[in-house]
Structure formats: C-alpha cells, structure tokens
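Pasted below: model01.txt, compact mmCIF, C-alpha atoms.
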# COMPACT_ATOMS: atom_id res chain seq x y z
CA MET A 1 69.95 65.72 17.30
CA GLY A 2 66.90 67.73 16.19
CA THR A 3 67.03 66.45 12.62
CA PRO A 4 66.80 62.76 13.49
CA GLU A 5 63.85 63.54 15.77
CA ARG A 6 62.04 65.30 12.92
CA ALA A 7 62.81 62.35 10.71
CA ARG A 8 61.44 59.95 13.29
CA GLY A 9 58.39 62.15 13.77
CA SER A 10 57.63 62.10 10.03
CA ALA A 11 58.17 58.35 9.66
CA PRO A 12 54.52 57.35 10.36
CA GLY A 13 53.34 59.74 7.62
CA SER A 14 55.94 58.39 5.22
CA ARG A 15 54.96 54.84 6.01
CA MET A 16 51.30 55.75 5.41
CA ARG A 17 52.15 57.33 2.05
CA ARG A 18 54.17 54.28 1.06
CA LEU A 19 51.30 52.01 2.14
CA CYS A 20 48.79 54.04 0.13
CA ALA A 21 51.07 53.96 -2.90
CA LEU A 22 51.48 50.20 -2.51
CA CYS A 23 47.69 49.69 -2.26
CA LEU A 24 47.14 51.93 -5.27
CA GLY A 25 49.72 49.96 -7.24
CA LEU A 26 48.19 46.64 -6.26
CA GLY A 27 44.71 47.91 -7.14
CA LEU A 28 45.90 49.14 -10.53
CA ALA A 29 47.63 45.83 -11.20
CA ALA A 30 44.49 43.92 -10.27
CA SER A 31 42.41 46.17 -12.50
CA LEU A 32 44.76 45.66 -15.42
CA ALA A 33 44.78 41.92 -14.81
CA ALA A 34 40.98 41.86 -14.84
CA GLN A 35 40.94 43.74 -18.15
CA ALA A 36 43.70 41.68 -19.72
CA PRO A 37 42.52 39.38 -22.51
CA VAL A 38 42.29 35.69 -21.66
CA TYR A 39 43.46 34.87 -25.20
CA PRO A 40 46.71 35.88 -26.93
CA LEU A 41 46.44 39.48 -28.07
CA ILE A 42 46.97 40.37 -31.73
CA ARG A 43 48.37 43.88 -31.65
CA ARG A 44 48.91 44.38 -35.38
CA LEU A 45 47.48 42.60 -38.41
CA GLU A 46 50.89 42.01 -39.93
CA ALA A 47 53.44 39.21 -40.11
CA SER A 48 55.76 40.90 -37.60
CA ASP A 49 53.15 40.25 -34.91
CA LEU A 50 53.80 36.80 -33.43
CA ALA A 51 50.16 36.13 -32.48
CA PHE A 52 48.93 37.20 -35.93
CA ARG A 53 51.51 34.96 -37.58
CA GLN A 54 50.42 32.01 -35.42
CA LEU A 55 46.77 32.68 -36.32
CA SER A 56 47.56 32.94 -40.03
CA ASP A 57 49.40 29.61 -40.01
CA SER A 58 46.50 27.87 -38.27
CA VAL A 59 43.89 29.40 -40.59
CA ALA A 60 45.93 28.27 -43.60
CA GLN A 61 45.98 24.70 -42.21
CA SER A 62 42.23 24.92 -41.66
CA ARG A 63 41.66 26.04 -45.26
CA ARG A 64 43.74 23.10 -46.52
CA ALA A 65 41.75 20.70 -44.33
CA GLU A 66 38.52 22.00 -45.90
CA MET A 67 39.81 21.32 -49.41
CA THR A 68 41.51 17.97 -48.78
CA GLY A 69 39.32 16.42 -46.10
CA SER A 70 42.31 16.07 -43.77
CA PRO A 71 41.91 16.64 -40.00
CA PHE A 72 41.43 20.22 -38.87
CA PRO A 73 44.11 21.78 -36.65
CA ASP A 74 43.48 22.43 -32.97
CA LEU A 75 41.00 25.23 -32.31
CA LEU A 76 42.74 28.25 -30.77
CA PHE A 77 41.42 31.69 -29.91
CA PHE A 78 43.02 35.11 -30.14
CA VAL A 79 41.68 38.57 -29.42
CA TYR A 80 42.04 41.73 -31.49
CA VAL A 81 41.03 45.18 -30.23
CA LEU A 82 39.72 47.32 -33.07
CA PRO A 83 41.78 50.51 -33.38
CA GLU A 84 39.04 52.25 -35.38
CA ASP A 85 35.51 51.60 -36.60
CA SER A 86 35.69 48.51 -38.79
CA ASP A 87 33.46 46.56 -41.12
CA LEU A 88 33.17 42.90 -40.07
CA ILE A 89 33.41 41.59 -43.63
CA ALA A 90 36.52 43.67 -44.34
CA LEU A 91 38.07 42.50 -41.05
CA SER A 92 37.35 38.87 -41.89
CA ALA A 93 39.06 39.31 -45.26
CA ARG A 94 42.13 40.76 -43.55
CA LEU A 95 42.21 37.77 -41.17
CA ASN A 96 41.55 35.28 -44.03
CA LEU A 97 38.56 33.96 -42.06
CA PRO A 98 34.99 33.54 -43.30
CA TYR A 99 32.77 36.24 -41.85
CA GLU A 100 30.51 33.42 -40.58
CA THR A 101 33.27 32.34 -38.22
CA LEU A 102 33.88 35.80 -36.77
CA ALA A 103 30.18 36.66 -36.54
CA THR A 104 29.04 33.51 -34.78
CA ALA A 105 32.00 33.34 -32.37
CA ASN A 106 31.29 36.93 -31.29
CA ARG A 107 27.48 36.62 -31.31
CA ILE A 108 27.10 39.34 -33.92
CA GLY A 109 23.62 39.01 -35.40
CA GLU A 110 24.00 41.22 -38.46
CA SER A 111 26.66 42.77 -40.64
CA GLY A 112 27.67 46.37 -40.04
CA VAL A 113 30.22 48.62 -38.42
CA LEU A 114 32.09 47.41 -35.33
CA ARG A 115 33.02 50.23 -32.99
CA ALA A 116 36.59 51.18 -32.16
CA GLY A 117 37.82 49.63 -28.92
CA ARG A 118 35.74 46.48 -29.26
CA ALA A 119 37.65 43.30 -28.45
CA VAL A 120 36.89 40.72 -31.15
CA VAL A 121 37.53 37.03 -30.43
CA VAL A 122 39.33 35.50 -33.43
CA PRO A 123 39.13 31.69 -33.86
CA SER A 124 41.93 29.90 -35.70
CA VAL A 125 39.70 27.36 -37.49
CA THR A 126 37.04 28.12 -40.09
CA GLY A 127 33.47 27.10 -39.31
CA VAL A 128 30.21 28.11 -37.63
CA PHE A 129 29.62 28.45 -33.88
CA ALA A 130 26.08 27.45 -32.82
CA VAL A 131 25.45 28.98 -29.40
CA LEU A 132 23.54 26.85 -26.89
CA ASP A 133 21.48 29.79 -25.58
CA PRO A 134 20.42 31.68 -28.74
CA ALA A 135 19.36 35.28 -28.19
CA ASN A 136 18.94 36.85 -31.63
CA ASP A 137 17.15 35.81 -34.82
CA LEU A 138 20.32 34.58 -36.54
CA GLU A 139 21.29 32.43 -33.54
CA TYR A 140 17.82 30.88 -33.38
CA LEU A 141 17.96 30.11 -37.09
CA ILE A 142 21.40 28.47 -36.77
CA ALA A 143 20.30 26.41 -33.76
CA ALA A 144 17.19 25.19 -35.60
CA SER A 145 18.98 24.28 -38.83
CA ARG A 146 22.10 22.66 -37.33
CA PRO A 147 21.34 19.26 -35.76
CA PRO A 148 24.13 17.59 -33.74
CA ALA A 149 26.97 16.58 -36.05
CA GLU A 150 29.70 13.97 -35.70
CA ARG A 151 32.54 16.46 -36.11
CA GLU A 152 31.16 19.16 -33.82
CA ILE A 153 33.17 20.39 -30.83
CA ARG A 154 31.74 21.76 -27.58
CA VAL A 155 33.60 24.91 -26.61
CA GLY A 156 33.22 27.90 -24.30
CA ILE A 157 34.21 31.37 -25.51
CA ARG A 158 34.81 34.23 -23.11
CA GLY A 159 33.37 37.51 -24.35
CA ALA A 160 32.48 40.87 -22.81
CA ALA A 161 29.33 39.42 -21.19
CA GLY A 162 31.00 36.28 -19.84
CA VAL A 163 31.43 32.75 -21.16
CA SER A 164 29.06 31.45 -23.85
CA GLU A 165 28.85 27.75 -24.68
CA PHE A 166 28.85 26.72 -28.35
CA ARG A 167 28.73 23.74 -30.66
CA PHE A 168 31.52 24.39 -33.15
CA LEU A 169 31.05 22.97 -36.65
CA PRO A 170 34.45 23.02 -38.43
CA GLY A 171 34.47 23.99 -42.08
CA MET A 172 30.78 24.94 -42.17
CA ARG A 173 29.32 28.10 -43.76
CA PHE A 174 26.04 29.98 -43.50
CA THR A 175 23.06 28.49 -45.29
CA PRO A 176 21.37 30.85 -47.78
CA ALA A 177 18.74 31.76 -45.17
CA GLU A 178 21.38 32.40 -42.47
CA ARG A 179 23.39 34.52 -44.87
CA ALA A 180 20.31 36.54 -45.75
CA PHE A 181 19.64 37.27 -42.08
CA PHE A 182 23.21 38.27 -41.40
CA LEU A 183 23.42 40.56 -44.43
CA GLY A 184 20.10 42.19 -43.55
CA THR A 185 18.12 40.68 -46.39
CA GLY A 186 16.37 38.01 -44.33
CA PHE A 187 13.05 37.96 -42.51
CA ARG A 188 12.28 38.28 -38.82
CA PHE A 189 9.38 36.59 -37.03
CA PRO A 190 6.26 38.80 -37.51
CA LEU A 191 4.84 38.25 -34.01
CA PRO A 192 6.24 38.46 -30.46
CA LYS A 193 5.29 34.78 -30.23
CA GLY A 194 2.86 32.51 -32.01
CA ARG A 195 1.92 28.93 -32.85
CA MET A 196 1.63 27.73 -36.44
CA THR A 197 -1.81 26.23 -37.00
CA SER A 198 -1.62 25.77 -40.76
CA GLY A 199 1.40 25.42 -43.03
CA TYR A 200 2.16 26.29 -46.63
CA GLY A 201 0.81 24.13 -49.48
CA LEU A 202 -2.21 21.95 -50.12
CA ARG A 203 -4.68 21.66 -47.26
CA ALA A 204 -8.38 21.21 -46.54
CA SER A 205 -9.91 24.67 -46.19
CA PRO A 206 -11.11 25.23 -42.59
CA ILE A 207 -14.06 27.15 -44.06
CA THR A 208 -15.25 24.98 -46.99
CA GLY A 209 -13.41 21.71 -46.42
CA GLU A 210 -12.18 21.74 -50.03
CA ILE A 211 -8.54 20.93 -50.86
CA GLN A 212 -6.86 24.21 -51.75
CA HIS A 213 -3.37 25.66 -51.99
CA HIS A 214 -2.53 27.69 -48.90
CA ALA A 215 -0.18 30.45 -50.06
CA GLY A 216 1.21 31.24 -46.61
CA ILE A 217 1.22 30.10 -43.00
CA ASP A 218 -1.27 30.79 -40.21
CA LEU A 219 0.07 31.86 -36.82
CA ALA A 220 -2.35 31.74 -33.89
CA ALA A 221 -2.03 34.59 -31.40
CA PRO A 222 -4.42 36.49 -29.11
CA ALA A 223 -6.55 39.19 -30.72
CA GLY A 224 -4.79 42.54 -30.60
CA THR A 225 -1.25 41.08 -30.58
CA GLU A 226 1.14 43.46 -32.33
CA VAL A 227 2.22 42.43 -35.83
CA TYR A 228 5.76 43.34 -36.96
CA ALA A 229 7.19 44.02 -40.40
CA ALA A 230 9.26 40.93 -41.17
CA ARG A 231 11.75 43.01 -43.14
CA SER A 232 12.37 46.66 -44.05
CA GLY A 233 10.55 47.93 -47.12
CA THR A 234 7.65 50.08 -48.34
CA VAL A 235 3.92 49.57 -47.83
CA SER A 236 2.75 48.88 -51.38
CA GLU A 237 -0.86 47.89 -50.73
CA VAL A 238 -3.43 48.10 -47.92
CA GLY A 239 -7.11 47.30 -47.90
CA ILE A 240 -9.98 45.07 -46.87
CA ASP A 241 -10.35 41.83 -48.81
CA PRO A 242 -13.18 39.24 -48.61
CA VAL A 243 -10.60 36.51 -47.90
CA TYR A 244 -7.66 38.31 -46.24
CA GLY A 245 -9.79 40.78 -44.31
CA ILE A 246 -7.79 43.82 -43.27
CA TYR A 247 -4.35 43.30 -44.80
CA VAL A 248 -1.00 44.98 -45.44
CA LEU A 249 1.38 44.17 -48.30
CA ILE A 250 5.02 45.30 -47.97
CA SER A 251 7.49 45.34 -50.86
CA HIS A 252 11.18 44.69 -50.15
CA GLU A 253 14.41 44.84 -52.12
CA GLY A 254 15.07 42.11 -54.66
CA GLY A 255 11.46 41.57 -55.71
CA TRP A 256 10.35 40.19 -52.33
CA GLN A 257 6.97 40.96 -50.72
CA THR A 258 5.30 40.01 -47.44
CA LEU A 259 1.56 39.98 -46.76
CA TYR A 260 -0.14 40.19 -43.37
CA GLY A 261 -3.83 39.20 -43.31
CA HIS A 262 -6.87 38.94 -41.00
CA LEU A 263 -5.72 42.00 -39.04
CA SER A 264 -8.03 43.73 -36.58
CA ALA A 265 -6.38 47.04 -37.44
CA ARG A 266 -3.49 48.34 -39.51
CA ARG A 267 -0.98 50.85 -38.19
CA VAL A 268 0.74 51.97 -41.42
CA GLU A 269 -0.29 53.96 -44.48
CA LEU A 270 0.10 53.26 -48.19
CA ASN A 271 3.59 54.09 -49.55
CA SER A 272 5.03 54.60 -46.06
CA PRO A 273 8.53 53.20 -45.41
CA VAL A 274 8.84 50.57 -42.68
CA LYS A 275 11.77 49.13 -40.79
CA SER A 276 12.17 45.49 -39.83
CA GLY A 277 10.37 44.95 -36.51
CA MET A 278 8.13 48.02 -36.87
CA ILE A 279 4.53 47.54 -35.69
CA ILE A 280 2.28 47.49 -38.77
CA GLY A 281 -1.00 46.19 -37.32
CA ASN A 282 -2.72 43.93 -34.81
CA VAL A 283 -3.85 40.31 -34.93
CA GLY A 284 -7.55 39.87 -35.68
CA SER A 285 -10.07 37.59 -37.35
CA THR A 286 -11.32 39.65 -40.29
CA GLY A 287 -12.12 38.10 -43.68
CA LEU A 288 -12.46 34.32 -44.03
CA SER A 289 -11.20 33.32 -40.60
CA THR A 290 -12.15 30.87 -37.87
CA GLY A 291 -10.47 32.78 -35.04
CA PRO A 292 -7.73 35.29 -34.17
CA HIS A 293 -4.54 34.59 -36.12
CA LEU A 294 -2.09 36.13 -38.57
CA HIS A 295 -2.01 34.90 -42.15
CA PHE A 296 1.57 35.52 -43.33
CA GLU A 297 2.81 35.20 -46.90
CA VAL A 298 6.17 35.65 -48.62
CA ARG A 299 6.24 36.30 -52.37
CA VAL A 300 9.13 36.56 -54.83
CA ARG A 301 8.29 38.56 -57.95
CA GLY A 302 4.64 37.80 -57.29
CA ALA A 303 5.01 34.04 -56.79
CA PRO A 304 4.32 32.62 -53.29
CA ARG A 305 7.14 30.97 -51.33
CA ASP A 306 6.99 28.84 -48.20
CA PRO A 307 7.78 31.35 -45.39
CA LEU A 308 8.82 28.74 -42.83
CA PRO A 309 12.42 28.10 -44.03
CA LEU A 310 12.96 31.88 -44.19
CA LEU A 311 11.89 32.58 -40.61
CA PRO A 312 14.29 32.33 -37.67
CA ARG A 313 12.00 30.39 -35.33
CA LEU A 314 8.49 29.65 -34.16
CA THR A 315 7.87 30.58 -30.53
CA GLU A 316 5.03 29.43 -28.32

Here is a file; write its structure as structure tokens.
Amino acid sequence: MGTPERARGSAPGSRMRRLCALCLGLGLAASLAAQAPVYPLIRRLEASDLAFRQLSDSVAQSRRAEMTGSPFPDLLFFVYVLPEDSDLIALSARLNLPYETLATANRIGESGVLRAGRAVVVPSVTGVFAVLDPANDLEYLIAASRPPAEREIRVGIRGAAGVSEFRFLPGMRFTPAERAFFLGTGFRFPLPKGRMTSGYGLRASPITGEIQHHAGIDLAAPAGTEVYAARSGTVSEVGIDPVYGIYVLISHEGGWQTLYGHLSARRVELNSPVKSGMIIGNVGSTGLSTGPHLHFEVRVRGAPRDPLPLLPRLTE
C-alpha cells in the first residue's frame, strides 16, 4: 500500500521532468532545423556523395552548353561546409566551377583563405552573379560593367546574412579589371567619395585654356578629405611640384604606379610600404589647381593609363 502512495506522490515530479525533457528536445530540434542548410548538403567531395554527384553532372552540362551554345541546365544550389581552411581557387578546381561563380554567389570580394566551418553556397551552373545591392569594390565594379542581358536570371541566394538578390549571367567570366580586383592586383577608389570633374585624355586646360593631354582624372572633394592608397605598394616619390603641388607616387607590383596630386598634406614617407586603403594624404588645391580636388593617375611602366576603367566606382 505504501509503495503505490510513494509512486503517486512522485508522479508530479516525474511528469515535470518528462515535460522539461520534451521541451528541451523540441528546442534542440528547432535549433537544429534553424541551422540546417536550405540547400542539399554536400558532405564529401567525392562521387559516392549523391549531392556532389548531382552537382558534378549539372556542372558538366553547363560546361557543354558554354562550348556548344545549347541551353544551360536549370540553376540549382548546394551547400558545402569547409572541414578545414581552404583556398577558394583550389576549392573551385575541386568542384570544376570557375572561381568567379563561387566568389560572386558567396559575395567574396577577394581571393584568399576561407575559414573552416564556413558554409559555401555552390551553384550548379557556371557564370557570374551580379548582386543588386553591391557592398564591396568588386561588386560595385561588376554592377557597373554588367548591363541587363537577355539571358540573365533573377535569383535569390540564402547566405549567412540572409537572402541576397542577384542577376545571374550564365556562362560569363570576370573581365580583366574584375579579375584584377578579385586577385588583389586591382585598384580601389582613392577617396571616401568624390565626383569626377575632368576625365583622362585631351581637354582644354582650366588654367590656360589650351588643349592638352590630361594624364589622369580629377576628383572633386572637400579640402582635407582623406586620400587612400588605391593599391598596396611602396612610396617611390614624394615632393612639391609646380603643377602637381604636394604629391605622392606609389609603385606597385607588375610595373604599375599611382600618383596623387594637389594634396594639402601627405601622410607617408619616401620608401615606406603602404597597404590598399591606407591614408596617404589629404585633398587640397596646391600646384596648378582651381579648387580642392584630387588629381589621380595610373601608370604602367611609366606610361599613363586611363584610371576610370580600373576603378570600382565613382561615388557622389
């Protein structure tokens, strides 16, 4: 008689424990569901993995469509969680996808190491994804150089930060300028924002009125605005010039140089190394100048090049 009473007395506690366990289980299940990928998961990069095999078949069809001009297969997405630190270009080779496709679908602005545990979205069709809300220099460059195309597809991709909307351009690759930015050999915009007031090439001099070759571009900005190194390199020349005023010349790999003129002040020393985006001076109006602006030049082995196609964007 006593035993059943003890059992009945302990029943509320048992029910509470069972209820807590049930709630814990439901909470864990909900948490796992929230973390579960919305795309088929590739667990191993080998033919025994069904999702990887499906991806490989679709990529092969896409490659054939590129070569023959036949219709591209349906665009599918998979997800692969990196088991260890990985190089994007090596990963793209293992997936038989152009690195452009992986980089743009995942909003990766530059090549480099991808950390272990990162979930990478893997498209099944080769091409370039032009995001509708660009946020880095590469994305701005792609958006500016990719007008609407007949074969483009509007698509949303779910990533770690939510859903991003893209224009997908099947079979496309990076342009030389886009490739340079992605590989770290391109140029960033040298100001936080600025308006181009004079382009590269022949123009009437604002000082003399004579037709002259303008070896760079002029970017209007308030006096004192910070000026950034457009690319990593070494300060190879500094000085005060009758035309350029206070200027800085930076040498980069591959025979490239950038010049920053009409500065109010410089913030770097001769022979000092600089990183892309480092502050090297401030906008001014020194030298032959009609008002505060940055004169920006790009040179290749000493010869001037039009900087505009090499820059990601102009911002007001």

Which residue of A:Ala160, A:Leu288, A:Met172, A:Val122 approaches Ser58 (chain A) most closely, using all atoms listed in the file |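 Among A:Ala160, A:Leu288, A:Met172, A:Val122, it is A:Val122 that comes nearest to Ser58 (chain A).
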
Which neighbours of Gln212 (chain A) fall inside 10 Å, counting only C-alpha atoms, when residues of the same chain fewer than 4 positions from it are skipped, and could you give them as an MDAnalysis selection string?
-> chainID A and resid 201:205 208

Would you tabulate, counting only C-alpha atoms, all residues of region 230-262 of chain A that have an atom at most 9 Å from an atom of region 186-195 of chain A, showing the closest pair of atoms and their distance in Å to one decimal, sorted by chain then ascending number, as CSV?
residue,atom,partner,partner_atom,distance
A:Ala230,CA,A:Arg188,CA,4.7
A:Arg231,CA,A:Phe187,CA,5.3
A:Ser232,CA,A:Phe187,CA,8.9
A:Tyr260,CA,A:Pro190,CA,8.8

Coordinates-based distance that separates CA of Asp57 (chain A) from CA of Phe129 (chain A) (Å, one decimal) =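 Computing the Euclidean distance for CA of Phe129 (chain A) and CA of Asp57 (chain A) yields 20.7 Å.
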
With a distance cut-off of 12 Å and all atoms listed in the file, select the neighbouring residues of Ala144 (chain A), excluding the residue or stretch itself and same-chain residues fewer than 2 positions from it, and output the selection as a ChimeraX atom specification.
-> /A:130-134,137-142,146-148,175,177-178,308-315

Take the residues from that selection and put them in a file with C-alpha atoms, as a short mmCIF file (atom, residue, chain, number, x, y, z; two decimals), in the coordinates of the input.
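That gives us selection_7.cif:
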data_model
loop_
_atom_site.label_atom_id
_atom_site.label_comp_id
_atom_site.auth_asym_id
_atom_site.auth_seq_id
_atom_site.Cartn_x
_atom_site.Cartn_y
_atom_site.Cartn_z
CA ALA A 130 26.08 27.45 -32.82
CA VAL A 131 25.45 28.98 -29.40
CA LEU A 132 23.54 26.85 -26.89
CA ASP A 133 21.48 29.79 -25.58
CA PRO A 134 20.42 31.68 -28.74
CA ASP A 137 17.15 35.81 -34.82
CA LEU A 138 20.32 34.58 -36.54
CA GLU A 139 21.29 32.43 -33.54
CA TYR A 140 17.82 30.88 -33.38
CA LEU A 141 17.96 30.11 -37.09
CA ILE A 142 21.40 28.47 -36.77
CA ARG A 146 22.10 22.66 -37.33
CA PRO A 147 21.34 19.26 -35.76
CA PRO A 148 24.13 17.59 -33.74
CA THR A 175 23.06 28.49 -45.29
CA ALA A 177 18.74 31.76 -45.17
CA GLU A 178 21.38 32.40 -42.47
CA LEU A 308 8.82 28.74 -42.83
CA PRO A 309 12.42 28.10 -44.03
CA LEU A 310 12.96 31.88 -44.19
CA LEU A 311 11.89 32.58 -40.61
CA PRO A 312 14.29 32.33 -37.67
CA ARG A 313 12.00 30.39 -35.33
CA LEU A 314 8.49 29.65 -34.16
CA THR A 315 7.87 30.58 -30.53
#

A:Ala119, A:Ala105, A:Ala215, A:Val243: which is nearest Leu82 (chain A), counting only C-alpha atoms?
->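 Between A:Ala119, A:Ala105, A:Ala215, A:Val243, the residue approaching Leu82 (chain A) most closely is A:Ala119.
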
Leaving out region 93-95 of chain A and any residue of its chain fewer than 6 positions from it, which residues lie within 12 Å of it when counting only C-alpha atoms, given as JSON, numbers by chain?
-> {"A": [42, 44, 45, 46, 47, 51, 52, 53, 54, 55, 56, 57, 58, 59, 60, 78, 79, 80, 86, 87, 101, 102, 120, 121, 122, 123, 124, 125, 126]}

Please provide the set of residues having any atom within 12 Å of Pro206 (chain A), restricted to all atoms listed in the file, with same-chain residues fewer than 6 positions apart removed, written as a compact mmCIF listing (two decimals) with C-alpha atoms, keeping the file's coordinate frame.
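In the end it all went to selection37.txt:
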# COMPACT_ATOMS: atom_id res chain seq x y z
CA THR A 197 -1.81 26.23 -37.00
CA SER A 198 -1.62 25.77 -40.76
CA GLN A 212 -6.86 24.21 -51.75
CA HIS A 214 -2.53 27.69 -48.90
CA ASP A 218 -1.27 30.79 -40.21
CA LEU A 288 -12.46 34.32 -44.03
CA SER A 289 -11.20 33.32 -40.60
CA THR A 290 -12.15 30.87 -37.87
CA GLY A 291 -10.47 32.78 -35.04

For His262 (chain A), which residue among A:Val274, A:Pro292, A:Thr225, A:Pro73 is the nearest when counting only C-alpha atoms?
-> A:Pro292

Of the listed residues A:Gly224, A:Gly284, A:Gly233, A:Gly302, that which approaches Tyr247 (chain A) most closely, counting all atoms listed in the file |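 When distances to Tyr247 (chain A) are compared using all atoms listed in the file, the smallest one comes from A:Gly284.
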
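Taking all atoms listed in the file into account, Glu297 (chain A) lies nearest to A:Ile217 out of the set A:Asn96, A:Ser272, A:Ile280, A:Ile217.
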
Choose the residue, out of A:Ile157, A:Arg151, A:Gly277, A:Leu294, that has the smallest atom-to-atom separation from Val38 (chain A); count all atoms listed in the file.
->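 When distances to Val38 (chain A) are compared using all atoms listed in the file, the smallest one comes from A:Ile157.
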
For the atom pair CA of Val238 (chain A) and CA of Glu269 (chain A), what is the interatomic distance in Å to one decimal place?
->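 Between CA of Val238 (chain A) and CA of Glu269 (chain A) the gap is 7.5 Å.
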
Which polymer residues have any atom within 8 Å of an atom of Glu100 (chain A), counting all atoms listed in the file, with same-chain residues fewer than 6 positions away left out, as an MDAnalysis selection string?
-> chainID A and resid 127:128 173:174

Taking (29.7, 24.1, -32.2) in the file's own coordinates, collect the residues within 7 Å, counting all atoms listed in the file, and hand them back as a PDB file with C-alpha atoms, in the frame of the given file.
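Printed below is part_11.pdb as written:
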ATOM      1  CA  VAL A 128      30.210  28.110 -37.630  1.00  0.00           C
ATOM      2  CA  PHE A 129      29.620  28.450 -33.880  1.00  0.00           C
ATOM      3  CA  ALA A 130      26.080  27.450 -32.820  1.00  0.00           C
ATOM      4  CA  GLU A 152      31.160  19.160 -33.820  1.00  0.00           C
ATOM      5  CA  ILE A 153      33.170  20.390 -30.830  1.00  0.00           C
ATOM      6  CA  ARG A 154      31.740  21.760 -27.580  1.00  0.00           C
ATOM      7  CA  VAL A 155      33.600  24.910 -26.610  1.00  0.00           C
ATOM      8  CA  PHE A 166      28.850  26.720 -28.350  1.00  0.00           C
ATOM      9  CA  ARG A 167      28.730  23.740 -30.660  1.00  0.00           C
ATOM     10  CA  PHE A 168      31.520  24.390 -33.150  1.00  0.00           C
ATOM     11  CA  LEU A 169      31.050  22.970 -36.650  1.00  0.00           C
TER      12      LEU A 169
END
